[in-house]
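Take a look at the structure below.
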Amino acid sequence: MSSDDYVREAVKTVEQKLSEIGEQLVSARNSKISGPISPGYRPELDISPELGPEKANYYQNLIGVLRWAVELGRIDIHVEVALLSSHLAMPRKGHLDQVFHIFAYLKKYKSSKCVFDASNPSFEERFKPVEWEEFYPDAKEDIPHNMPTPRGNEVTINCFVDADHAGNQVTRRSHTGILIFLNRAPVSWFSKKQNTVESSTFGSEFVAMKTAAEQIMALRYKLRMFGIPIEGPANVFCDNEAVVTNSSIPTSTIKKKHLSICYHLVRSYCAAGGMRVTKENGKTNLSDILTKLMPGSQKRRLAGMFLYA
């Protein structure tokens with residue numbers, strides 16, 4: 001799936017608008033542009049002048065255009081668009097400049113394709129059998145009673161999840177990133193600021209894990225209603241050792257009471273056979289691209305593992 005045509009037309013429209021006021025995209029002035037956003041820039045710290053009503057409306061329109069680009073597969077700009085979307089109510093000149101920077105990035109790296117690979121990877125050696133019955137004897141997955149008879153080959157759900165702890169330097173809210181594959185095909189990507197302030201990396205990662213579990217529940221239900229057979233539990237990859245331990249070892253306990261909902265929801269769903277969790281190296285956790293502002297070279301390295309440019 002390619003967003004090339006959409007991106008090309010979007011960039012063309014922005015350039016026409018800028019030409020009317022005698023401006024150019026950043027790439028026309030700086031051929032060294034490598035990432036979707038300026039190095040070191042943080043939208044929440046921007047104190048440049050607020051935009052007037054007309055430019056604020058234009059900013060909101062451009063964010064809408066970029067959101068569609070994300071929906072069409074430009075996952076490499078997702079976190080930047082998500083962060084700038086937090087300022088739709090009161091955008092500043094610096095925010096608009098960074099939106100133009102994203103369009104300049106898209107102009108330079110205009111080709112990006114989601115590859116829907118039907119081959120089914122095997123991760124059995126990375127998961128150990130777990131006996132949950134003693135702790136969650138009544139746990140069971142929600143199976144639709146009126147689902148059609150499954151047909152075709154079974155699919156495996158593979159999910160990468162991560163959180164950028166206290167990433168927002170003003171509110172100290174963390175940012176969740178989730179990337180879900182059917183077999184080797186990316187089908188869902190999620191990048192959003194968390195609703196709570198977590199005091200530890202463990203807390204933010206567990207909140208992200210809870211969100212991933214809820215999305216997996218919904219996806220499995222939807223696939224069954226489509227008549228698509230699912231092979232075993234969803235494979236979930238997380239780079240936080242403590243979260244993996246609490247999600248995969250029945251005897252592990254939690255000390256932070258306010259995380260108990262996330263803790264029990266994730267564990268009970270694992271007990272129901274809906275998902276299983278294992279450790280993923282931070283350097284290969286694909287969901288990092290959805291949580292952190294990183295150098296362009298690092299972003300494209302991660303994106304290159306599942307996108308084709």
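Chain labels run A, B, ... following the order of the structure tokens; each chain numbers its residues from 1, and ligands are numbered from 1 in the order shown.
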### Query
Could you pull out the alpha helix (DSSP H) residues of segment 67-99 of chain A from DSSP and send them as a list in words?
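Here are the alpha helix (DSSP H) residues of segment 67-99 of chain A: Arg67, Trp68, Ala69, Val70, Glu71, His78, Val79, Glu80, Val81, Ala82, Leu83, Leu84, Ser85, Lys93, Gly94, His95, Leu96, Asp97, Gln98 and Val99 of chain A.
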C-alpha atoms of the current selection, written as a CSV table (one decimal), in the first residue's frame:
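Writing done, so here's again_9.csv:
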chain,number,residue,atom,x,y,z
A,67,ARG,CA,-3.1,12.5,9.7
A,68,TRP,CA,-4.5,11.1,6.5
A,69,ALA,CA,-0.9,10.5,5.3
A,70,VAL,CA,-0.3,8.5,8.5
A,71,GLU,CA,-3.5,6.5,8.0
A,78,HIS,CA,3.2,9.4,13.2
A,79,VAL,CA,4.7,10.5,16.5
A,80,GLU,CA,5.6,14.0,15.2
A,81,VAL,CA,2.0,14.5,13.9
A,82,ALA,CA,0.6,13.2,17.2
A,83,LEU,CA,2.7,15.7,19.3
A,84,LEU,CA,1.8,18.7,17.0
A,85,SER,CA,-1.8,17.6,17.1
A,93,LYS,CA,4.4,30.0,14.8
A,94,GLY,CA,7.0,27.4,15.7
A,95,HIS,CA,4.4,24.7,15.5
A,96,LEU,CA,3.4,25.8,12.0
A,97,ASP,CA,7.1,25.9,11.0
A,98,GLN,CA,7.5,22.3,12.1
A,99,VAL,CA,4.5,21.2,10.1
### Message
Excluding Tyr6 of chain A and its own-chain neighbours fewer than 3 positions away, which residues fall within 10 Å of it when counting only C-alpha atoms? Please give them as a PyMOL selection string.
### Response
chain A and resi 2-3+9-12+65+68-69+72+110
Would you write out those residues with C-alpha atoms, as an mmCIF file, in the first residue's frame?
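That gives us part.cif:
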data_model
loop_
_atom_site.group_PDB
_atom_site.id
_atom_site.type_symbol
_atom_site.label_atom_id
_atom_site.label_comp_id
_atom_site.auth_asym_id
_atom_site.auth_seq_id
_atom_site.Cartn_x
_atom_site.Cartn_y
_atom_site.Cartn_z
ATOM 1 C CA SER A 2 1.462 3.314 -1.055
ATOM 2 C CA SER A 3 0.653 6.883 -0.056
ATOM 3 C CA GLU A 9 -0.347 16.165 -4.109
ATOM 4 C CA ALA A 10 -0.275 17.332 -0.483
ATOM 5 C CA VAL A 11 3.274 18.686 -0.838
ATOM 6 C CA LYS A 12 2.332 20.366 -4.126
ATOM 7 C CA VAL A 65 -3.767 16.283 5.832
ATOM 8 C CA TRP A 68 -4.476 11.057 6.502
ATOM 9 C CA ALA A 69 -0.910 10.471 5.324
ATOM 10 C CA LEU A 72 -2.265 5.663 4.447
ATOM 11 C CA LYS A 110 8.274 10.809 -0.733
#
#### Entry: Residues near Arg300 of chain A, cut-off 12 Å, only C-alpha atoms, skip fewer than 4 positions along chain, as a ChimeraX atom specification
/A:34-36,74-77,105,109,112,286,288-289,294-296,304-309
Include N, CA and C atoms and write out the residues we just selected as a CSV table (one decimal), in the first residue's frame.
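The resulting again.csv:
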chain,number,residue,atom,x,y,z
A,34,SER,N,16.9,15.6,7.5
A,34,SER,CA,16.9,14.1,7.6
A,34,SER,C,15.7,13.5,8.3
A,35,GLY,N,15.1,14.3,9.2
A,35,GLY,CA,14.0,13.8,10.0
A,35,GLY,C,12.7,14.7,9.8
A,36,PRO,N,11.6,14.2,10.3
A,36,PRO,CA,10.3,14.9,10.1
A,36,PRO,C,10.3,16.2,11.0
A,74,ARG,N,2.2,6.3,6.2
A,74,ARG,CA,3.4,7.1,6.6
A,74,ARG,C,3.6,7.0,8.1
A,75,ILE,N,3.9,5.8,8.6
A,75,ILE,CA,4.1,5.6,10.0
A,75,ILE,C,5.3,6.3,10.5
A,76,ASP,N,6.2,6.7,9.6
A,76,ASP,CA,7.5,7.3,10.1
A,76,ASP,C,7.3,8.8,10.5
A,77,ILE,N,6.1,9.3,10.3
A,77,ILE,CA,5.8,10.7,10.8
A,77,ILE,C,4.7,10.7,11.9
A,105,TYR,N,10.2,17.1,4.7
A,105,TYR,CA,10.7,15.7,4.9
A,105,TYR,C,9.9,14.8,3.9
A,109,TYR,N,11.7,12.5,1.2
A,109,TYR,CA,11.5,11.0,1.3
A,109,TYR,C,10.0,10.7,0.9
A,112,SER,N,7.2,5.6,0.2
A,112,SER,CA,7.1,4.7,1.3
A,112,SER,C,6.0,3.8,1.1
A,286,LEU,N,10.1,-2.3,17.3
A,286,LEU,CA,9.6,-1.5,16.2
A,286,LEU,C,8.7,-0.3,16.6
A,288,ASP,N,9.2,1.7,18.9
A,288,ASP,CA,10.0,2.9,19.3
A,288,ASP,C,9.7,4.1,18.3
A,289,ILE,N,9.5,3.7,17.0
A,289,ILE,CA,9.2,4.7,16.0
A,289,ILE,C,8.0,5.5,16.3
A,294,MET,N,13.4,10.9,17.3
A,294,MET,CA,14.7,10.3,17.1
A,294,MET,C,15.3,10.9,15.8
A,295,PRO,N,16.6,10.8,15.6
A,295,PRO,CA,17.3,11.2,14.4
A,295,PRO,C,16.7,10.5,13.2
A,296,GLY,N,16.8,11.2,12.1
A,296,GLY,CA,16.2,10.6,10.9
A,296,GLY,C,16.8,9.3,10.5
A,304,GLY,N,12.6,0.8,8.1
A,304,GLY,CA,13.0,-0.1,7.0
A,304,GLY,C,12.8,-1.5,7.3
A,305,MET,N,12.5,-1.9,8.6
A,305,MET,CA,12.3,-3.3,9.0
A,305,MET,C,10.9,-3.7,8.6
A,306,PHE,N,10.0,-2.8,8.3
A,306,PHE,CA,8.6,-3.2,7.9
A,306,PHE,C,8.0,-2.3,6.8
A,307,LEU,N,8.7,-1.2,6.4
A,307,LEU,CA,8.3,-0.3,5.3
A,307,LEU,C,9.3,-0.4,4.2
A,308,TYR,N,8.8,-0.3,3.0
A,308,TYR,CA,9.7,-0.3,1.8
A,308,TYR,C,9.8,1.1,1.2
A,309,ALA,N,11.0,1.6,1.1
A,309,ALA,CA,11.1,3.0,0.5
A,309,ALA,C,11.8,2.9,-0.9
### Query
Do you have the atom CA of Thr149 of chain A-atom CA of Phe123 of chain A distance handy?
26.9 Å
### Proximity to Phe100 of chain A - best of A:Ile33, A:Val14, A:Leu88, A:Ala218, only C-alpha atoms
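When distances to Phe100 of chain A are compared using only C-alpha atoms, the smallest one comes from A:Val14.
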Sorted by chain and rising residue number, list the residues of segment 157-269 of chain A at most 12 Å from segment 43-46 of chain A (counting only C-alpha atoms), each with its closest atom pair and distance in Å to one decimal, as JSON lines.
{"residue": "A:Gly167", "atom": "CA", "partner": "A:Glu44", "partner_atom": "CA", "distance": 10.3}
{"residue": "A:Asn168", "atom": "CA", "partner": "A:Glu44", "partner_atom": "CA", "distance": 7.1}
{"residue": "A:Gln169", "atom": "CA", "partner": "A:Glu44", "partner_atom": "CA", "distance": 7.1}
{"residue": "A:Val170", "atom": "CA", "partner": "A:Glu44", "partner_atom": "CA", "distance": 6.5}
{"residue": "A:Thr171", "atom": "CA", "partner": "A:Glu44", "partner_atom": "CA", "distance": 8.8}
{"residue": "A:Arg172", "atom": "CA", "partner": "A:Glu44", "partner_atom": "CA", "distance": 10.5}
{"residue": "A:Arg173", "atom": "CA", "partner": "A:Glu44", "partner_atom": "CA", "distance": 11.4}
#### Entry: Expected answer as a PyMOL selection string: strand (DSSP E) residues in segment 72-277 of chain A
chain A and resi 113-114+157-164+175-182+185-193+234-238+275-277
If you keep C-alpha atoms, can you produce a file of those selected residues as a PDB file, in the first residue's frame?
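Output below, filename out-v1.pdb:
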ATOM      1  CA  LYS A 113       5.134   1.544   1.020  1.00  0.00           C
ATOM      2  CA  CYS A 114       3.528  -0.804   3.528  1.00  0.00           C
ATOM      3  CA  ILE A 157      -1.176 -11.455  15.535  1.00  0.00           C
ATOM      4  CA  ASN A 158       2.183  -9.919  16.445  1.00  0.00           C
ATOM      5  CA  CYS A 159       2.324  -6.721  18.487  1.00  0.00           C
ATOM      6  CA  PHE A 160       5.168  -4.388  19.469  1.00  0.00           C
ATOM      7  CA  VAL A 161       4.501  -2.010  22.369  1.00  0.00           C
ATOM      8  CA  ASP A 162       6.556   0.750  23.999  1.00  0.00           C
ATOM      9  CA  ALA A 163       6.256   3.931  26.054  1.00  0.00           C
ATOM     10  CA  ASP A 164       8.369   7.070  26.230  1.00  0.00           C
ATOM     11  CA  HIS A 175       3.665   8.564  25.187  1.00  0.00           C
ATOM     12  CA  THR A 176       2.350   5.159  24.067  1.00  0.00           C
ATOM     13  CA  GLY A 177       3.315   3.468  20.809  1.00  0.00           C
ATOM     14  CA  ILE A 178       1.734   0.254  19.481  1.00  0.00           C
ATOM     15  CA  LEU A 179       2.373  -1.502  16.169  1.00  0.00           C
ATOM     16  CA  ILE A 180       0.300  -4.580  15.286  1.00  0.00           C
ATOM     17  CA  PHE A 181       0.958  -7.064  12.484  1.00  0.00           C
ATOM     18  CA  LEU A 182      -1.132  -9.858  10.984  1.00  0.00           C
ATOM     19  CA  ALA A 185       1.716  -7.290   7.491  1.00  0.00           C
ATOM     20  CA  PRO A 186       1.328  -4.056   9.511  1.00  0.00           C
ATOM     21  CA  VAL A 187      -2.400  -3.449  10.047  1.00  0.00           C
ATOM     22  CA  SER A 188      -2.629  -1.049  12.995  1.00  0.00           C
ATOM     23  CA  TRP A 189      -0.404   1.726  14.358  1.00  0.00           C
ATOM     24  CA  PHE A 190      -1.071   3.852  17.437  1.00  0.00           C
ATOM     25  CA  SER A 191       0.798   6.848  18.875  1.00  0.00           C
ATOM     26  CA  LYS A 192      -0.817   8.859  21.647  1.00  0.00           C
ATOM     27  CA  LYS A 193      -0.079  10.730  24.863  1.00  0.00           C
ATOM     28  CA  ALA A 234      -1.191 -12.807  20.045  1.00  0.00           C
ATOM     29  CA  ASN A 235       2.579 -12.471  20.402  1.00  0.00           C
ATOM     30  CA  VAL A 236       3.432  -9.258  22.255  1.00  0.00           C
ATOM     31  CA  PHE A 237       6.964  -7.845  22.322  1.00  0.00           C
ATOM     32  CA  CYS A 238       7.979  -5.363  25.038  1.00  0.00           C
ATOM     33  CA  MET A 275      -1.975 -12.955  24.253  1.00  0.00           C
ATOM     34  CA  ARG A 276       1.459 -13.801  25.582  1.00  0.00           C
ATOM     35  CA  VAL A 277       4.357 -11.465  26.334  1.00  0.00           C
TER      36      VAL A 277
END
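Here atom CA of His264 of chain A and atom CA of Arg224 of chain A stand 24.5 Å from one another.
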### Shell of 12 Å around Ser260 of chain A, only C-alpha atoms, local chain residues under 5 positions omitted, as a VMD selection string
chain A and resid 203 206 to 207 210 246 253 to 255 265 to 268
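Counting from atom CA of Asp4 of chain A, the distance to atom CA of Phe103 of chain A is 12.8 Å.
Shortest separation to Pro91 of chain A among A:Gly64, A:Pro137, A:Pro129, A:Gly52 occurs at residue A:Gly52, atoms counted being only C-alpha atoms.
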### Query
Which of these residues is nearest to Glu198 of chain A, using only C-alpha atoms: A:Gln215, A:Thr291, A:Ser248, A:Ser174?
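Result for the nearest residue to Glu198 of chain A: A:Ser174.
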### Message
Let me make sure I understand: among A:Gly232, A:Glu15, A:Ser252, A:Thr284, which one has the smallest atom-to-atom distance to Glu124 of chain A if we use only C-alpha atoms?
### Response
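Looking at the shortest contact to Glu124 of chain A, the residue is A:Gly232.
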